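J.: See protein19.cif below, with mmCIF, C-alpha atoms and all ligand atoms; chains and numbers go by the auth columns.
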data_input
#
loop_
_atom_site.group_PDB
_atom_site.id
_atom_site.type_symbol
_atom_site.label_atom_id
_atom_site.label_comp_id
_atom_site.label_asym_id
_atom_site.label_seq_id
_atom_site.Cartn_x
_atom_site.Cartn_y
_atom_site.Cartn_z
_atom_site.B_iso_or_equiv
_atom_site.auth_seq_id
_atom_site.auth_asym_id
ATOM 1 C CA MET A 1 -35.001 42.810 30.494 0.00 12 W
ATOM 2 C CA ASP A 2 -37.843 42.429 32.973 0.00 13 W
ATOM 3 C CA ALA A 3 -36.334 40.713 36.050 0.00 14 W
ATOM 4 C CA ALA A 4 -39.620 39.080 37.098 0.00 15 W
ATOM 5 C CA LEU A 5 -40.257 37.649 33.610 0.00 16 W
ATOM 6 C CA LEU A 6 -36.683 36.384 33.456 0.00 17 W
ATOM 7 C CA ALA A 7 -36.952 34.722 36.884 0.00 18 W
ATOM 8 C CA LYS A 8 -40.215 33.065 35.791 0.00 19 W
ATOM 9 C CA LEU A 9 -38.581 31.849 32.581 0.00 20 W
ATOM 10 C CA VAL A 10 -35.583 30.413 34.472 0.00 21 W
ATOM 11 C CA ALA A 11 -37.944 28.542 36.823 0.00 22 W
ATOM 12 C CA GLU A 12 -39.928 27.140 33.864 0.00 23 W
ATOM 13 C CA LEU A 13 -36.798 26.096 31.972 0.00 24 W
ATOM 14 C CA LEU A 14 -35.377 24.330 35.047 0.00 25 W
ATOM 15 C CA VAL A 15 -38.577 22.261 35.216 0.00 26 W
ATOM 16 C CA SER A 16 -38.376 21.523 31.455 0.00 27 W
ATOM 17 C CA ILE A 17 -34.772 20.338 31.825 0.00 28 W
ATOM 18 C CA GLN A 18 -35.763 18.227 34.829 0.00 29 W
ATOM 19 C CA LEU A 19 -38.471 16.546 32.740 0.00 30 W
ATOM 20 C CA LEU A 20 -36.157 16.068 29.738 0.00 31 W
ATOM 21 C CA ALA A 21 -33.034 14.888 31.523 0.00 32 W
ATOM 22 C CA GLY A 22 -33.986 13.854 35.055 0.00 33 W
ATOM 23 C CA PHE A 23 -31.901 16.375 36.994 0.00 34 W
ATOM 24 C CA ASP A 24 -33.197 17.275 40.438 0.00 35 W
ATOM 25 C CA LEU A 25 -34.459 20.827 40.761 0.00 36 W
ATOM 26 C CA PRO A 26 -31.774 22.973 42.442 0.00 37 W
ATOM 27 C CA SER A 27 -32.358 24.396 45.924 0.00 38 W
ATOM 28 C CA GLU A 28 -32.095 27.846 44.394 0.00 39 W
ATOM 29 C CA PRO A 29 -31.987 29.044 40.794 0.00 40 W
ATOM 30 C CA PRO A 30 -28.844 30.665 39.393 0.00 41 W
ATOM 31 C CA GLU A 31 -28.631 34.369 38.739 0.00 42 W
ATOM 32 C CA VAL A 32 -28.586 35.423 35.073 0.00 43 W
ATOM 33 C CA VAL A 33 -26.441 38.454 34.262 0.00 44 W
ATOM 34 C CA PHE A 34 -26.261 40.121 30.840 0.00 45 W
ATOM 35 C CA VAL A 35 -22.834 41.329 29.742 0.00 46 W
ATOM 36 C CA PRO A 36 -21.306 42.765 26.545 0.00 47 W
ATOM 37 C CA HIS A 37 -20.088 40.270 23.926 0.00 48 W
ATOM 38 C CA GLY A 38 -16.472 41.474 24.317 0.00 49 W
ATOM 39 C CA LEU A 39 -16.445 40.620 28.008 0.00 50 W
ATOM 40 C CA LEU A 40 -17.803 37.110 27.331 0.00 51 W
ATOM 41 C CA GLN A 41 -15.086 36.524 24.715 0.00 52 W
ATOM 42 C CA GLU A 42 -12.436 37.648 27.154 0.00 53 W
ATOM 43 C CA LYS A 43 -13.760 35.459 29.979 0.00 54 W
ATOM 44 C CA ALA A 44 -14.752 32.322 28.075 0.00 55 W
ATOM 45 C CA CYS A 45 -12.302 32.197 25.152 0.00 56 W
ATOM 46 C CA SER A 46 -9.499 34.712 25.878 0.00 57 W
ATOM 47 C CA GLY A 47 -10.024 36.075 22.380 0.00 58 W
ATOM 48 C CA PRO A 48 -12.562 36.485 19.580 0.00 59 W
ATOM 49 C CA CYS A 49 -15.044 33.602 19.431 0.00 60 W
ATOM 50 C CA GLU A 50 -18.729 32.880 18.930 0.00 61 W
ATOM 51 C CA VAL A 51 -19.714 32.704 22.567 0.00 62 W
ATOM 52 C CA TYR A 52 -23.171 33.731 23.779 0.00 63 W
ATOM 53 C CA GLY A 53 -23.282 32.249 27.241 0.00 64 W
ATOM 54 C CA TRP A 54 -20.814 31.361 29.958 0.00 65 W
ATOM 55 C CA PHE A 55 -21.151 29.573 33.255 0.00 66 W
ATOM 56 C CA PRO A 56 -18.051 29.577 35.439 0.00 67 W
ATOM 57 C CA PRO A 57 -18.465 27.501 38.617 0.00 68 W
ATOM 58 C CA GLY A 58 -20.707 29.347 41.057 0.00 69 W
ATOM 59 C CA ARG A 59 -24.252 30.700 40.928 0.00 70 W
ATOM 60 C CA THR A 60 -24.124 33.142 38.005 0.00 71 W
ATOM 61 C CA ILE A 61 -24.834 32.513 34.335 0.00 72 W
ATOM 62 C CA TYR A 62 -23.491 35.180 31.970 0.00 73 W
ATOM 63 C CA LEU A 63 -25.378 35.805 28.743 0.00 74 W
ATOM 64 C CA ASP A 64 -24.550 38.086 25.825 0.00 75 W
ATOM 65 C CA ASP A 65 -26.522 41.299 26.353 0.00 76 W
ATOM 66 C CA ARG A 66 -27.836 41.131 22.768 0.00 77 W
ATOM 67 C CA LEU A 67 -29.848 38.026 23.697 0.00 78 W
ATOM 68 C CA ASP A 68 -33.469 38.219 24.818 0.00 79 W
ATOM 69 C CA PRO A 69 -34.401 34.759 26.124 0.00 80 W
ATOM 70 C CA VAL A 70 -37.838 35.994 27.227 0.00 81 W
ATOM 71 C CA ARG A 71 -38.868 36.755 23.625 0.00 82 W
ATOM 72 C CA ASP A 72 -36.465 34.832 21.411 0.00 83 W
ATOM 73 C CA ILE A 73 -36.491 31.042 21.271 0.00 84 W
ATOM 74 C CA ALA A 74 -32.901 30.654 20.023 0.00 85 W
ATOM 75 C CA ALA A 75 -31.683 32.800 22.929 0.00 86 W
ATOM 76 C CA ARG A 76 -33.835 30.691 25.246 0.00 87 W
ATOM 77 C CA GLY A 77 -32.056 27.575 23.952 0.00 88 W
ATOM 78 C CA ILE A 78 -28.709 29.132 24.868 0.00 89 W
ATOM 79 C CA LEU A 79 -30.056 29.799 28.363 0.00 90 W
ATOM 80 C CA VAL A 80 -31.196 26.132 28.523 0.00 91 W
ATOM 81 C CA HIS A 81 -27.623 25.073 27.658 0.00 92 W
ATOM 82 C CA GLU A 82 -26.131 27.212 30.438 0.00 93 W
ATOM 83 C CA LEU A 83 -28.796 26.057 32.923 0.00 94 W
ATOM 84 C CA VAL A 84 -27.756 22.459 32.186 0.00 95 W
ATOM 85 C CA HIS A 85 -24.206 23.408 33.189 0.00 96 W
ATOM 86 C CA TYR A 86 -25.607 24.833 36.428 0.00 97 W
ATOM 87 C CA LEU A 87 -27.586 21.633 37.103 0.00 98 W
ATOM 88 C CA GLN A 88 -24.507 19.515 36.289 0.00 99 W
ATOM 89 C CA GLN A 89 -22.622 21.470 38.934 0.00 100 W
ATOM 90 C CA GLU A 90 -25.432 21.144 41.502 0.00 101 W
ATOM 91 C CA ALA A 91 -25.763 17.401 40.839 0.00 102 W
ATOM 92 C CA GLY A 92 -21.988 16.825 40.919 0.00 103 W
ATOM 93 C CA THR A 93 -22.357 14.933 37.620 0.00 104 W
ATOM 94 C CA PHE A 94 -18.787 15.613 36.545 0.00 105 W
ATOM 95 C CA PRO A 95 -15.615 16.148 38.567 0.00 106 W
ATOM 96 C CA ALA A 96 -14.865 19.862 38.924 0.00 107 W
ATOM 97 C CA SER A 97 -11.177 19.373 38.123 0.00 108 W
ATOM 98 C CA GLY A 98 -11.669 17.055 35.139 0.00 109 W
ATOM 99 C CA GLY A 99 -9.590 17.505 32.016 0.00 110 W
ATOM 100 C CA CYS A 100 -10.609 18.078 28.448 0.00 111 W
ATOM 101 C CA ARG A 101 -12.601 14.839 28.213 0.00 112 W
ATOM 102 C CA THR A 102 -14.704 15.788 31.213 0.00 113 W
ATOM 103 C CA TRP A 103 -15.269 19.195 29.656 0.00 114 W
ATOM 104 C CA LEU A 104 -16.264 17.462 26.412 0.00 115 W
ATOM 105 C CA GLU A 105 -18.781 15.173 28.144 0.00 116 W
ATOM 106 C CA ARG A 106 -20.251 18.154 29.979 0.00 117 W
ATOM 107 C CA GLU A 107 -20.635 20.076 26.700 0.00 118 W
ATOM 108 C CA ARG A 108 -22.097 17.070 24.861 0.00 119 W
ATOM 109 C CA GLN A 109 -24.741 16.607 27.533 0.00 120 W
ATOM 110 C CA ALA A 110 -25.593 20.325 27.517 0.00 121 W
ATOM 111 C CA TYR A 111 -25.875 20.382 23.710 0.00 122 W
ATOM 112 C CA ASP A 112 -27.873 17.162 23.705 0.00 123 W
ATOM 113 C CA ILE A 113 -30.424 18.591 26.129 0.00 124 W
ATOM 114 C CA GLN A 114 -30.463 21.934 24.262 0.00 125 W
ATOM 115 C CA ILE A 115 -31.202 20.079 20.987 0.00 126 W
ATOM 116 C CA ARG A 116 -33.896 17.943 22.633 0.00 127 W
ATOM 117 C CA TRP A 117 -35.450 21.038 24.191 0.00 128 W
ATOM 118 C CA HIS A 118 -35.583 22.735 20.761 0.00 129 W
ATOM 119 C CA ALA A 119 -37.092 19.580 19.236 0.00 130 W
ATOM 120 C CA LYS A 120 -39.789 19.643 21.918 0.00 131 W
ATOM 121 C CA GLN A 121 -40.526 23.314 21.198 0.00 132 W
ATOM 122 C CA ALA A 122 -40.690 22.557 17.482 0.00 133 W
ATOM 123 C CA SER A 123 -43.190 19.761 18.079 0.00 134 W
ATOM 124 C CA VAL A 124 -45.367 22.026 20.223 0.00 135 W
ATOM 125 C CA THR A 125 -45.090 25.407 18.487 0.00 136 W
ATOM 126 C CA GLY A 126 -43.502 24.657 15.093 0.00 137 W
ATOM 127 C CA ALA A 127 -40.617 27.000 15.939 0.00 138 W
ATOM 128 C CA ARG A 128 -37.452 25.449 14.531 0.00 139 W
ATOM 129 C CA VAL A 129 -33.998 26.692 15.411 0.00 140 W
ATOM 130 C CA ARG A 130 -30.732 25.854 13.718 0.00 141 W
ATOM 131 C CA MET A 131 -27.939 25.277 16.205 0.00 142 W
ATOM 132 C CA GLN A 132 -25.023 27.640 15.678 0.00 143 W
ATOM 133 C CA ARG A 133 -22.335 25.275 16.843 0.00 144 W
ATOM 134 C CA ARG A 134 -21.972 21.624 15.942 0.00 145 W
ATOM 135 C CA PRO A 135 -21.318 19.703 19.136 0.00 146 W
ATOM 136 C CA TRP A 136 -20.242 16.511 17.364 0.00 147 W
ATOM 137 C CA LYS A 137 -17.249 18.433 16.003 0.00 148 W
ATOM 138 C CA LEU A 138 -15.872 19.090 19.482 0.00 149 W
ATOM 139 C CA THR A 139 -12.655 17.185 20.113 0.00 150 W
ATOM 140 C CA CYS A 140 -9.879 17.044 22.644 0.00 151 W
ATOM 141 C CA SER A 141 -6.458 17.208 21.032 0.00 152 W
ATOM 142 C CA GLU A 142 -4.332 16.855 24.161 0.00 153 W
ATOM 143 C CA ASP A 143 -6.216 14.072 25.874 0.00 154 W
ATOM 144 C CA PRO A 144 -5.972 10.755 23.976 0.00 155 W
ATOM 145 C CA ALA A 145 -8.358 7.931 24.815 0.00 156 W
ATOM 146 C CA PRO A 146 -6.942 5.752 27.636 0.00 157 W
ATOM 147 C CA ASN A 147 -6.766 2.576 25.519 0.00 158 W
ATOM 148 C CA LEU A 148 -4.928 4.121 22.598 0.00 159 W
ATOM 149 C CA PRO A 149 -1.135 4.194 22.525 0.00 160 W
ATOM 150 C CA PRO A 150 0.195 7.729 22.827 0.00 161 W
ATOM 151 C CA ARG A 151 0.978 9.287 19.508 0.00 162 W
ATOM 152 C CA ALA A 152 4.488 10.544 18.934 0.00 163 W
ATOM 153 C CA PRO A 153 5.504 12.944 17.681 0.00 164 W
ATOM 154 C CA ARG A 154 2.562 15.002 18.698 0.00 165 W
ATOM 155 C CA THR A 155 0.670 16.732 15.901 0.00 166 W
ATOM 156 C CA ARG A 156 -1.853 19.451 16.175 0.00 167 W
ATOM 157 C CA GLN A 157 -5.346 18.363 15.241 0.00 168 W
ATOM 158 C CA ALA A 158 -7.544 20.493 13.106 0.00 169 W
ATOM 159 C CA GLY A 159 -10.819 21.447 14.659 0.00 170 W
ATOM 160 C CA SER A 160 -9.671 21.489 18.260 0.00 171 W
ATOM 161 C CA ALA A 161 -12.329 22.555 20.683 0.00 172 W
ATOM 162 C CA SER A 162 -13.011 26.179 21.324 0.00 173 W
ATOM 163 C CA GLN A 163 -14.586 27.544 24.473 0.00 174 W
HETATM 164 ZN ZN ZN B . -21.482 24.671 27.275 0.00 201 W
#
Using structure tokens, write down the structure from this file.
T.:
Amino acid sequence: MDAALLAKLVAELLVSIQLLAGFDLPSEPPEVVFVPHGLLQEKACSGPCEVYGWFPPGRTIYLDDRLDPVRDIAARGILVHELVHYLQQEAGTFPASGGCRTWLERERQAYDIQIRWHAKQASVTGARVRMQRRPWKLTCSEDPAPNLPPRAPRTRQAGSASQ
């Protein structure tokens, strides 16, 4: 991966996200580090899962080392998703210590922008990408809505959120 091309791409994508979603540009861009899939699974899911990118709080985005966001548009979309998480952090959009619902809102926004970014690419270049994960299926099983009475006894919900 050419570091200069990658840095240029990150700068361009930050501007695209700013135009799409109105985030301020960050004072400095995050670092993008490529790591083996196994390490991402361990860090992001503590076990086997379909994870390609991970952004723990800080300044580093981790991407699966099989991805080439400079040449591949689907990989670029994954980088867009992780950059949104970086911008969310920089903007303080969501509380850092929020529970599952905060996590869910953060993911929904990142997926929403990723989908809109792909739609924009499709309208410009005709390149269409099918999203691997379906964000509308994400749920929180342990965090009922505040206005609903608590359910007892507690049952496990199918389709609980991963990663
Ligand atoms: Zn995410």
J.: May I ask which of the residues W:Ala55, W:Ala121, W:Leu90, W:Ala133 is the closest one to Leu17 of chain W, counting all atoms listed in the file?
T.: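 Closest to Leu17 of chain W, using all atoms listed in the file: W:Leu90.
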J.: Can you find the residues with an atom no farther than 12 Å from (-18.0, 36.1, 19.4), counting all atoms listed in the file, and report them as a list in words?
T.: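 Here is the list of nearby residues: Pro47, His48, Gly49, Leu50, Leu51, Gln52, Glu53, Lys54, Ala55, Cys56, Ser57, Gly58, Pro59, Cys60, Glu61, Val62, Tyr63, Gly64, Trp65, Leu74, Asp75, Arg77, Gln143, Arg144, Ser173 and Gln174 of chain W.
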J.: Please identify every polymer residue within 9 Å of ligand ZN 201 (chain W), using only C-alpha atoms and all ligand atoms, and present the set as a PyMOL selection string.
T.: chain W and resi 64-66+89+92-93+95-96+114-115+117-122+174
J.: Between atom CA of Leu25 of chain W and atom CA of Thr71 of chain W, what distance in Å does the model show, to one decimal?
T.: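 Answer for the atom CA of Leu25 of chain W to atom CA of Thr71 of chain W separation: 14.6 Å.
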J.: Rounded to one decimal place, report the atom CA of Ala22 of chain W-atom CA of Glu101 of chain W distance in Å.
T.: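 Result for atom CA of Ala22 of chain W versus atom CA of Glu101 of chain W: 15.3 Å, one decimal.
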J.: Of the residues W:Gln125, W:Thr150, W:Thr113, W:Ser134, which is the one nearest to Ala32 of chain W, using only C-alpha atoms?
T.: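 Of the candidates, the smallest distance to Ala32 of chain W is held by W:Gln125.
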J.: What does the distance between atom CA of Phe34 of chain W and atom CA of Phe105 of chain W come to in Å, to one decimal place?
T.: 13.1 Å
J.: Given all atoms listed in the file as the basis, pick out the residue of W:Ala130, W:Ala138, W:Leu98, W:Cys111 nearest to Ser38 of chain W.
T.: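 Looking at the shortest contact to Ser38 of chain W, the residue is W:Leu98.
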